[in-house]
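Visitor: File name input.tsv; file contents TSV, C-alpha atoms; full text below.
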chain	number	residue	atom	x	y	z
D	950	MET	CA	130.63	6.90	80.09
D	951	ARG	CA	133.85	6.68	78.07
D	952	VAL	CA	136.73	9.11	78.59
D	953	THR	CA	139.84	9.59	76.45
D	954	VAL	CA	142.82	11.16	78.19
D	955	VAL	CA	145.66	12.43	76.02
D	956	GLY	CA	148.95	12.58	77.90
D	957	ALA	CA	150.46	10.28	80.52
D	958	GLY	CA	152.19	12.78	82.75
D	959	VAL	CA	150.94	13.30	86.27
D	960	VAL	CA	148.07	15.62	85.24
D	961	GLY	CA	146.84	13.22	82.57
D	962	THR	CA	147.25	10.17	84.78
D	963	MET	CA	145.32	11.82	87.60
D	964	HIS	CA	142.50	12.58	85.15
D	965	ALA	CA	142.48	8.92	84.16
D	966	TRP	CA	142.44	8.01	87.86
D	967	GLN	CA	139.49	10.30	88.58
D	968	ALA	CA	137.52	8.93	85.64
D	969	ARG	CA	138.07	5.33	86.76
D	970	GLU	CA	137.23	6.23	90.37
D	971	ARG	CA	133.87	7.41	89.08
D	972	GLY	CA	133.26	4.19	87.21
D	973	HIS	CA	134.02	5.29	83.65
D	974	GLU	CA	135.81	3.47	80.86
D	975	VAL	CA	139.16	5.16	80.13
D	976	VAL	CA	141.56	5.13	77.20
D	977	GLN	CA	144.81	6.99	77.89
D	978	ILE	CA	147.02	7.88	74.92
D	979	GLU	CA	150.67	8.93	75.21
D	980	ARG	CA	152.86	9.99	72.29
D	981	GLU	CA	156.05	8.60	73.92
D	982	ALA	CA	156.61	5.06	75.16
D	983	GLU	CA	156.34	6.64	78.61
D	984	ALA	CA	155.87	10.23	79.72
D	985	ARG	CA	159.26	11.97	79.79
D	986	GLY	CA	158.43	15.60	80.54
D	987	ALA	CA	158.09	17.76	83.62
D	988	SER	CA	156.19	15.10	85.57
D	989	LEU	CA	159.40	13.11	85.87
D	990	ARG	CA	161.86	16.02	85.97
D	991	ASN	CA	160.70	17.57	89.23
D	992	PHE	CA	161.23	17.22	92.97
D	993	GLY	CA	158.24	15.02	93.69
D	994	GLN	CA	157.17	17.58	96.26
D	995	ILE	CA	153.61	18.07	97.42
D	996	TRP	CA	154.43	21.71	98.17
D	997	VAL	CA	151.79	23.47	100.27
D	998	SER	CA	153.97	25.97	102.10
D	999	GLY	CA	154.51	28.63	99.44
D	1000	ARG	CA	151.15	28.57	97.67
D	1001	ALA	CA	149.19	31.79	97.26
D	1002	GLY	CA	146.33	32.22	99.70
D	1003	GLY	CA	142.84	31.47	98.47
D	1004	ALA	CA	142.09	29.15	95.55
D	1005	GLU	CA	145.69	28.03	95.04
D	1006	LEU	CA	146.17	27.05	98.67
D	1007	GLU	CA	142.76	25.37	98.80
D	1008	THR	CA	143.67	23.35	95.69
D	1009	ALA	CA	147.03	22.35	97.17
D	1010	LEU	CA	145.49	21.30	100.49
D	1011	ARG	CA	142.82	19.23	98.76
D	1012	ALA	CA	145.48	17.68	96.54
D	1013	ARG	CA	147.56	16.88	99.63
D	1014	GLU	CA	144.58	14.97	101.07
D	1015	LEU	CA	144.10	13.07	97.82
D	1016	TRP	CA	147.81	12.24	97.51
D	1017	GLU	CA	147.80	10.76	101.00
D	1018	GLU	CA	144.64	8.78	100.27
D	1019	ILE	CA	145.97	7.43	96.97
D	1020	GLY	CA	149.38	6.76	98.53
D	1021	GLY	CA	147.69	4.55	101.10
D	1022	ARG	CA	146.22	2.47	98.28
D	1023	VAL	CA	149.33	2.55	96.06
D	1024	PRO	CA	152.40	2.25	98.31
D	1025	ALA	CA	154.72	2.29	95.29
D	1026	LEU	CA	154.01	6.04	94.95
D	1027	GLY	CA	156.42	6.51	97.83
D	1028	PHE	CA	154.14	9.05	99.51
D	1029	ARG	CA	155.60	10.39	102.72
D	1030	SER	CA	154.43	13.19	104.96
D	1031	ASN	CA	157.91	14.57	105.48
D	1032	GLY	CA	157.22	18.30	105.87
D	1033	SER	CA	159.79	20.93	104.98
D	1034	LEU	CA	162.28	23.24	106.65
D	1035	THR	CA	163.50	26.58	105.33
D	1036	PRO	CA	166.54	27.69	107.38
D	1037	VAL	CA	167.03	31.45	107.56
D	1038	ARG	CA	169.98	33.67	108.41
D	1039	GLY	CA	169.98	37.32	109.43
D	1040	ALA	CA	167.28	39.76	110.40
D	1041	TYR	CA	165.79	40.24	106.92
D	1042	GLU	CA	165.24	36.56	106.17
D	1043	LEU	CA	163.95	36.01	109.70
D	1044	ALA	CA	161.42	38.82	109.27
D	1045	VAL	CA	159.97	37.14	106.17
D	1046	ALA	CA	159.62	33.85	108.05
D	1047	GLU	CA	157.93	35.67	110.94
D	1048	ALA	CA	155.50	37.32	108.51
D	1049	ALA	CA	154.65	33.89	107.04
D	1050	VAL	CA	153.89	32.50	110.50
D	1051	ALA	CA	151.66	35.52	111.20
D	1052	ARG	CA	149.43	34.89	108.15
D	1053	GLU	CA	145.80	34.00	108.80
D	1054	ASP	CA	146.27	30.76	106.87
D	1055	ALA	CA	149.54	29.78	108.59
D	1056	ALA	CA	147.84	27.08	110.64
D	1057	ALA	CA	146.33	25.50	107.51
D	1058	ARG	CA	149.83	25.26	106.06
D	1059	GLY	CA	151.28	23.93	109.30
D	1060	HIS	CA	153.71	26.83	109.52
D	1061	LYS	CA	155.83	27.20	112.65
D	1062	LEU	CA	159.04	29.06	113.34
D	1063	LEU	CA	161.64	26.82	114.96
D	1064	THR	CA	164.92	27.45	116.73
D	1065	PRO	CA	168.03	25.80	115.25
D	1066	ALA	CA	167.87	23.12	117.94
D	1067	GLU	CA	164.21	22.39	117.20
D	1068	ALA	CA	164.93	22.24	113.46
D	1069	ARG	CA	167.83	19.81	113.96
D	1070	ALA	CA	165.63	17.63	116.13
D	1071	LEU	CA	163.42	17.21	113.04
D	1072	ASN	CA	166.31	17.02	110.57
D	1073	PRO	CA	169.69	16.19	112.16
D	1074	ALA	CA	171.38	16.41	108.73
D	1075	LEU	CA	171.20	20.23	108.94
D	1076	ARG	CA	174.52	20.78	110.68
D	1077	GLY	CA	175.30	24.18	109.13
D	1078	ASP	CA	174.77	27.55	110.75
D	1079	PHE	CA	171.38	29.28	110.66
D	1080	ASP	CA	169.34	31.45	113.00
D	1081	ALA	CA	165.89	29.84	112.71
D	1082	ALA	CA	163.87	27.65	110.36
D	1083	LEU	CA	160.37	27.90	108.94
D	1084	HIS	CA	158.65	24.53	109.28
D	1085	CYS	CA	155.72	23.48	107.09
D	1086	GLU	CA	154.33	20.20	108.36
D	1087	ARG	CA	151.81	19.86	105.50
D	1088	ASP	CA	154.44	19.49	102.81
D	1089	ALA	CA	154.97	15.95	101.52
D	1090	ALA	CA	156.74	14.03	98.76
D	1091	VAL	CA	156.39	11.19	96.26
D	1092	GLU	CA	158.85	9.57	93.84
D	1093	PRO	CA	158.49	11.57	90.60
D	1094	ARG	CA	160.24	9.19	88.21
D	1095	THR	CA	158.00	6.28	89.15
D	1096	ALA	CA	154.74	7.84	90.40
D	1097	GLN	CA	152.98	7.67	87.04
D	1098	LEU	CA	154.13	4.07	86.57
D	1099	ALA	CA	152.76	3.09	89.97
D	1100	LEU	CA	149.43	4.78	89.28
D	1101	ARG	CA	149.18	3.14	85.88
D	1102	ALA	CA	149.97	-0.30	87.30
D	1103	GLU	CA	147.01	0.15	89.61
D	1104	LEU	CA	144.79	1.43	86.79
D	1105	LEU	CA	145.72	-1.56	84.61
D	1106	LYS	CA	144.13	-3.88	87.15
D	1107	SER	CA	140.79	-2.74	85.71
D	1108	PRO	CA	139.53	-4.10	82.38
D	1109	ASP	CA	137.96	-0.67	81.80
D	1110	TYR	CA	141.34	1.07	81.52
D	1111	THR	CA	143.49	0.94	78.37
D	1112	PHE	CA	146.92	2.54	77.92
D	1113	LEU	CA	148.08	3.26	74.37
D	1114	PRO	CA	151.71	4.46	74.26
D	1115	GLY	CA	153.65	5.60	71.22
D	1116	ARG	CA	150.67	7.31	69.62
D	1117	GLU	CA	150.27	11.00	68.90
D	1118	VAL	CA	146.76	12.41	68.64
D	1119	ARG	CA	146.62	14.38	65.41
D	1120	GLU	CA	143.03	15.42	64.82
D	1121	VAL	CA	139.61	15.94	66.36
D	1122	THR	CA	137.25	14.29	63.89
D	1123	GLY	CA	133.95	14.82	65.69
D	1124	PRO	CA	132.35	15.34	69.10
D	1125	GLY	CA	134.52	13.54	71.65
D	1126	THR	CA	136.41	11.82	68.85
D	1127	VAL	CA	140.12	11.93	68.01
D	1128	ARG	CA	142.37	10.27	65.46
D	1129	ASP	CA	145.93	9.21	66.28
D	1130	ASP	CA	148.96	8.89	64.01
D	1131	HIS	CA	148.34	5.17	63.62
D	1132	GLY	CA	145.10	6.06	61.87
D	1133	ASP	CA	142.96	4.75	64.73
D	1134	VAL	CA	139.89	6.75	65.74
D	1135	HIS	CA	138.89	6.92	69.40
D	1136	HIS	CA	135.29	7.71	70.30
D	1137	ALA	CA	134.39	8.98	73.78
D	1138	ASP	CA	131.92	11.08	75.67
D	1139	ALA	CA	134.77	13.37	76.76
D	1140	VAL	CA	138.36	13.95	75.65
D	1141	VAL	CA	140.80	15.66	78.00
D	1142	LEU	CA	144.06	16.94	76.49
D	1143	CYS	CA	146.75	16.97	79.20
D	1144	THR	CA	149.70	17.63	76.91
D	1145	GLY	CA	152.01	19.42	79.34
D	1146	ALA	CA	154.53	21.72	77.68
D	1147	TRP	CA	153.58	20.50	74.20
D	1148	LEU	CA	151.64	23.60	73.13
D	1149	GLY	CA	152.07	23.39	69.36
D	1150	GLY	CA	150.46	21.20	66.73
D	1151	LEU	CA	146.96	20.10	67.62
D	1152	VAL	CA	146.87	22.24	70.78
D	1153	ARG	CA	147.59	25.42	68.82
D	1154	GLU	CA	145.05	24.45	66.15
D	1155	LEU	CA	142.33	23.95	68.75
D	1156	ALA	CA	143.13	26.66	71.30
D	1157	GLY	CA	144.49	29.29	68.93
D	1158	PRO	CA	147.72	31.30	69.02
D	1159	ASP	CA	146.76	33.34	72.12
D	1160	LEU	CA	146.70	30.49	74.62
D	1161	PRO	CA	147.48	32.18	77.98
D	1162	VAL	CA	150.22	29.69	78.82
D	1163	ARG	CA	153.99	29.97	78.53
D	1164	ARG	CA	156.82	27.47	78.68
D	1165	VAL	CA	159.42	27.60	81.47
D	1166	ARG	CA	162.79	25.85	81.47
D	1167	LEU	CA	164.65	24.68	84.58
D	1168	GLN	CA	167.87	22.92	85.55
D	1169	MET	CA	168.18	20.34	88.32
D	1170	MET	CA	170.51	17.64	89.58
D	1171	GLN	CA	170.58	14.47	91.69
D	1172	THR	CA	173.33	13.06	93.88
D	1173	ASP	CA	174.54	9.67	94.95
D	1174	PRO	CA	173.04	8.51	98.29
D	1175	LEU	CA	173.71	10.95	101.11
D	1176	GLY	CA	174.59	8.18	103.53
D	1177	GLU	CA	172.14	9.41	106.16
D	1178	PRO	CA	168.47	10.37	106.26
D	1179	LEU	CA	167.29	13.84	105.24
D	1180	PRO	CA	163.95	13.57	107.08
D	1181	THR	CA	162.37	16.75	105.69
D	1182	SER	CA	162.44	18.55	102.38
D	1183	VAL	CA	164.68	21.61	102.55
D	1184	ALA	CA	164.40	25.06	100.95
D	1185	ASP	CA	166.50	28.17	101.31
D	1186	ALA	CA	165.38	31.76	101.84
D	1187	ASP	CA	165.56	32.44	98.09
D	1188	SER	CA	162.34	30.41	97.88
D	1189	PHE	CA	160.70	33.34	99.72
D	1190	ARG	CA	161.40	35.46	96.63
D	1191	TYR	CA	159.76	32.92	94.33
D	1192	TYR	CA	156.61	31.68	96.09
D	1193	PRO	CA	153.60	34.01	96.43
D	1194	ALA	CA	152.78	33.08	100.04
D	1195	TYR	CA	155.77	35.07	101.23
D	1196	ALA	CA	154.84	38.39	99.64
D	1197	SER	CA	154.98	41.01	102.41
D	1198	PRO	CA	156.70	44.27	103.36
D	1199	ALA	CA	159.34	42.07	105.01
D	1200	LEU	CA	160.04	40.42	101.64
D	1201	ASP	CA	160.30	43.84	99.98
D	1202	GLU	CA	162.87	44.76	102.61
D	1203	LEU	CA	164.79	41.52	102.04
D	1204	ASN	CA	164.92	42.14	98.30
D	1205	ALA	CA	166.05	45.74	98.81
D	1206	ARG	CA	168.59	45.17	101.58
D	1207	SER	CA	169.84	41.66	100.85
D	1208	PRO	CA	169.52	40.88	97.12
D	1209	GLN	CA	170.34	37.47	95.68
D	1210	PRO	CA	173.89	36.61	94.63
D	1211	GLU	CA	174.59	37.37	91.00
D	1212	THR	CA	174.29	33.79	89.75
D	1213	ALA	CA	171.07	33.14	91.67
D	1214	ALA	CA	169.51	36.36	90.39
D	1215	ALA	CA	170.59	35.77	86.79
D	1216	HIS	CA	169.03	32.30	86.75
D	1217	ARG	CA	166.04	33.15	89.00
D	1218	MET	CA	167.13	30.50	91.47
D	1219	GLN	CA	165.94	29.00	94.70
D	1220	LEU	CA	167.04	25.91	96.57
D	1221	LEU	CA	164.63	23.03	96.94
D	1222	MET	CA	165.97	19.65	98.03
D	1223	VAL	CA	164.31	16.28	98.59
D	1224	GLN	CA	165.81	12.91	99.45
D	1225	ARG	CA	164.83	10.11	97.11
D	1226	ALA	CA	163.95	6.57	98.16
D	1227	ASP	CA	167.48	5.42	97.27
D	1228	GLY	CA	169.04	8.06	99.54
D	1229	GLY	CA	170.14	10.45	96.79
D	1230	LEU	CA	169.18	14.12	96.84
D	1231	THR	CA	167.18	15.89	94.14
D	1232	ILE	CA	168.35	19.51	94.10
D	1233	GLY	CA	167.26	22.56	92.11
D	1234	ASP	CA	166.34	24.82	90.51
D	1235	THR	CA	166.46	27.62	87.94
D	1236	HIS	CA	163.76	29.40	85.92
D	1237	GLU	CA	164.12	30.60	82.34
D	1238	TYR	CA	161.29	32.29	80.45
D	1239	GLU	CA	162.83	33.70	77.26
D	1240	HIS	CA	162.48	31.70	74.04
D	1241	PRO	CA	164.18	30.05	72.33
D	1242	PHE	CA	165.59	28.06	75.24
D	1243	PRO	CA	169.24	26.98	75.00
D	1244	PHE	CA	169.82	23.31	74.33
D	1245	ASP	CA	172.64	22.96	76.87
D	1246	THR	CA	172.88	23.23	80.64
D	1247	VAL	CA	175.33	25.61	82.31
D	1248	GLU	CA	177.52	24.92	85.33
D	1249	GLU	CA	177.20	28.13	87.34
D	1250	PRO	CA	173.76	27.29	88.79
D	1251	TYR	CA	174.97	23.84	89.84
D	1252	GLU	CA	178.00	25.36	91.52
D	1253	HIS	CA	175.80	27.87	93.35
D	1254	LEU	CA	173.39	25.19	94.54
D	1255	THR	CA	176.24	22.98	95.70
D	1256	GLY	CA	177.59	25.80	97.84
D	1257	VAL	CA	174.18	26.55	99.35
D	1258	VAL	CA	173.50	22.90	100.19
D	1259	GLU	CA	176.93	22.26	101.66
D	1260	ALA	CA	176.56	25.31	103.90
D	1261	LEU	CA	173.24	23.98	105.24
D	1262	LEU	CA	174.41	20.39	105.66
D	1263	GLY	CA	177.83	21.35	107.00
D	1264	ARG	CA	179.43	18.67	104.82
D	1265	PRO	CA	180.38	18.03	101.19
D	1266	LEU	CA	177.72	16.83	98.80
D	1267	PRO	CA	177.95	13.30	97.45
D	1268	ARG	CA	178.91	12.91	93.81
D	1269	ILE	CA	176.45	14.39	91.31
D	1270	ARG	CA	175.20	11.53	89.17
D	1271	HIS	CA	172.45	13.21	87.12
D	1272	ARG	CA	171.98	16.70	85.68
D	1273	TRP	CA	169.05	17.63	83.52
D	1274	ALA	CA	166.89	20.35	82.07
D	1275	GLY	CA	163.12	20.29	81.94
D	1276	VAL	CA	160.33	22.41	80.48
D	1277	TYR	CA	156.88	22.91	81.92
D	1278	ALA	CA	153.79	24.91	80.96
D	1279	GLN	CA	152.70	27.79	83.20
D	1280	CYS	CA	149.65	30.07	83.08
D	1281	THR	CA	150.67	33.63	82.24
D	1282	ASP	CA	148.17	34.81	84.86
D	1283	PRO	CA	149.86	33.82	88.14
D	1284	THR	CA	146.53	33.81	90.00
D	1285	ARG	CA	145.28	30.87	87.91
D	1286	VAL	CA	146.12	27.39	89.17
D	1287	VAL	CA	145.56	25.81	85.76
D	1288	HIS	CA	144.16	26.67	82.33
D	1289	ARG	CA	141.04	24.62	81.59
D	1290	GLN	CA	139.28	25.30	78.28
D	1291	GLN	CA	136.76	23.58	76.06
D	1292	VAL	CA	138.43	23.60	72.65
D	1293	ALA	CA	135.95	21.53	70.63
D	1294	ASP	CA	132.69	19.69	71.10
D	1295	GLY	CA	133.42	17.14	73.83
D	1296	VAL	CA	137.12	18.11	74.01
D	1297	TRP	CA	138.81	19.99	76.86
D	1298	LEU	CA	142.38	21.22	77.28
D	1299	VAL	CA	143.93	21.20	80.78
D	1300	THR	CA	147.40	22.70	80.97
D	1301	GLY	CA	149.58	25.38	82.54
D	1302	PRO	CA	149.94	24.30	86.19
D	1303	GLY	CA	153.54	25.51	86.17
D	1304	GLY	CA	155.57	24.32	89.14
D	1305	ARG	CA	152.32	23.26	90.81
D	1306	GLY	CA	151.71	20.27	88.54
D	1307	MET	CA	152.91	17.52	90.85
D	1308	THR	CA	151.43	19.19	93.91
D	1309	CYS	CA	147.98	20.04	92.57
D	1310	SER	CA	147.29	17.36	89.93
D	1311	PRO	CA	144.88	15.19	91.98
D	1312	ALA	CA	142.70	18.19	92.86
D	1313	THR	CA	142.99	19.61	89.33
D	1314	ALA	CA	141.66	16.34	87.93
D	1315	GLU	CA	138.92	16.21	90.56
D	1316	THR	CA	137.77	19.71	89.57
D	1317	THR	CA	137.73	18.75	85.89
D	1318	ALA	CA	135.63	15.70	86.68
D	1319	ASP	CA	133.21	17.76	88.75
D	1320	GLU	CA	132.88	20.52	86.13
D	1321	LEU	CA	132.34	18.02	83.31
D	1322	GLY	CA	129.77	16.10	85.35
D	1323	TRP	CA	131.58	12.77	85.26
Show this structure as structure tokens.
Guide:
Amino acid sequence: MRVTVVGAGVVGTMHAWQARERGHEVVQIEREAEARGASLRNFGQIWVSGRAGGAELETALRARELWEEIGGRVPALGFRSNGSLTPVRGAYELAVAEAAVAREDAAARGHKLLTPAEARALNPALRGDFDAALHCERDAAVEPRTAQLALRAELLKSPDYTFLPGREVREVTGPGTVRDDHGDVHHADAVVLCTGAWLGGLVRELAGPDLPVRRVRLQMMQTDPLGEPLPTSVADADSFRYYPAYASPALDELNARSPQPETAAAHRMQLLMVQRADGGLTIGDTHEYEHPFPFDTVEEPYEHLTGVVEALLGRPLPRIRHRWAGVYAQCTDPTRVVHRQQVADGVWLVTGPGGRGMTCSPATAETTADELGW
């Protein structure tokens, strides 16, 4: 069987990986020299803790297993089972954490409520004041800027894998057949379009104007090396307001009695923080849904995040060396993990994972492969 994968972000690359794992010949086409979208502009988190119960959590847990398995074969992914801590302050935040630990699926997530001393035993860098911390031992991380490169280097060891960068697929010319902007025609038994936030052009022509996917913009930053380990990923209690796993009467009470600061509310913010392999910290993020997106970044979110992080670490942040904006595609139905649609004979579109792309991509690709009978 021959498979053409369009897009070299993490979702596309995991589809190429699944196809090769099942013994198929793969051609992967990328319109840039390398993928430069949301797959690189994220935290690199394998984020199980906040996923909605049911299909989304099951997908994340399966993806977590696959990430660990692939990471064992491809050490350059930088996979690490680091877990996460969400420090909380005050009765309202604590009540949300307690409700999370009381969920029926808390054990599957590895959720535990820790005292400050227990949290600092896991992550001594958290020297700030807090009353408790929600621990998720199933959370993990990889290196987002290099993960696709590491996977591709492994794929390229096979003569049945071909990577074609700098080519944009322009047209479906027949069953399982596409033409690129070099004029080359690629024949396959299956074509999978994993085009990320690129929802215009060929995607709009094939899927129509009512594709149930929207684009979301975010801002993030990265620091110089911290100078000490940050052994776990770190979130703040604003992540409770963003992730569906924390929906509860306790969250309603938190939102009513202790709303977000003005800047955080205006930019729909939460803190997520991961230490990179070089010791720097990736910190974010914001969420913007209204089009057209601005072309510039604004300072207020960065200032807010800096204050939140410094309060948790009990020390100044290192110098900020990178700031960036990114755009990802998200299903408009929040209960859907991804949008998967046959758009032509032998051609499927897989898009819209939202902020779950890095976390869920191995399981998303596995499901595609199963459904298409690869």
Visitor: If we draw a sphere of 7 Å around (168.7, 27.9, 104.9), which residues have at least one atom in it when counting only C-alpha atoms? Please report them as a PyMOL selection string.
Guide: chain D and resi 1035-1038+1079+1184-1186+1261
Visitor: Hey, which of D:Thr1313, D:Thr953, D:Ser1030, D:Gln1219 ends up closest to Thr1300 of chain D? Count all atoms listed in the file.
Guide: D:Thr1313
Visitor: Select from segment 969-1074 of chain D every residue with an atom at most 10 Å from any atom of segment 1126-1148 of chain D, then for each give the shortest pair of atoms and their distance in Å to one decimal, using all atoms listed in the file, rows by chain and rising number, as a tab-separated table.
Guide:
residue	atom	partner	partner_atom	distance
D:Glu974	CA	D:Ala1137	CA	9.1
D:Val975	CA	D:Ala1137	CA	8.8
D:Val976	CA	D:His1135	CA	8.4
D:Gln977	CA	D:Val1141	CA	9.6
D:Ile978	CA	D:Asp1129	CA	8.8
D:Glu979	CA	D:Thr1144	CA	8.9
D:Arg980	CA	D:Asp1129	CA	9.2
D:Ala984	CA	D:Gly1145	CA	10.0
D:Gly986	CA	D:Gly1145	CA	7.6
D:Ala987	CA	D:Gly1145	CA	7.6
D:Ser988	CA	D:Gly1145	CA	8.7
Visitor: Generate a file of the selected residues that holds C-alpha atoms, formatted as a JSON list (two decimals), in the coordinates of the input.
Guide:
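Result written to result03.json:
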[["chain", "number", "residue", "atom", "x", "y", "z"],
["D", 974, "GLU", "CA", 135.81, 3.47, 80.86],
["D", 975, "VAL", "CA", 139.16, 5.16, 80.13],
["D", 976, "VAL", "CA", 141.56, 5.13, 77.20],
["D", 977, "GLN", "CA", 144.81, 6.99, 77.89],
["D", 978, "ILE", "CA", 147.02, 7.88, 74.92],
["D", 979, "GLU", "CA", 150.67, 8.93, 75.21],
["D", 980, "ARG", "CA", 152.86, 9.99, 72.29],
["D", 984, "ALA", "CA", 155.87, 10.23, 79.72],
["D", 986, "GLY", "CA", 158.43, 15.60, 80.54],
["D", 987, "ALA", "CA", 158.09, 17.76, 83.62],
["D", 988, "SER", "CA", 156.19, 15.10, 85.57]]
Visitor: Could you check how far atom CA of Pro1124 of chain D sits from atom CA of Pro1311 of chain D, in Å to one decimal?
Guide: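 According to the coordinates, atom CA of Pro1124 of chain D and atom CA of Pro1311 of chain D are separated by 26.1 Å.
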Visitor: What does the distance from atom CA of Arg1164 of chain D to atom CA of Ala1278 of chain D come to in Å, to one decimal?
Guide: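 A separation of 4.6 Å between them.
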Visitor: Within 10 Å of Asp1109 of chain D, counting only C-alpha atoms, which residues qualify if same-chain residues fewer than 2 places away don't, as a ChimeraX atom specification?
Guide: /D:951,969,972-976,1104-1107,1111
Visitor: Expressed in Å to a single decimal, how great is the separation between atom CA of Pro1180 of chain D and atom CA of Arg1022 of chain D?
Guide: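 For atom CA of Pro1180 of chain D relative to atom CA of Arg1022 of chain D, the distance reads 22.7 Å.
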Visitor: Go through D:Val997, D:Gly1304, D:Leu1071, D:Arg1052 and flag the residue nearest Leu1179 of chain D, using all atoms listed in the file for the distances.
Guide: D:Leu1071
Visitor: Name the closest residue to Glu1320 of chain D among the candidates D:His1236, D:Arg1272, D:Arg1206, D:Arg1289; distances are taken between atoms, counting only C-alpha atoms.
Guide: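 Going through D:His1236, D:Arg1272, D:Arg1206, D:Arg1289 one by one, the smallest distance to Glu1320 of chain D is for D:Arg1289.
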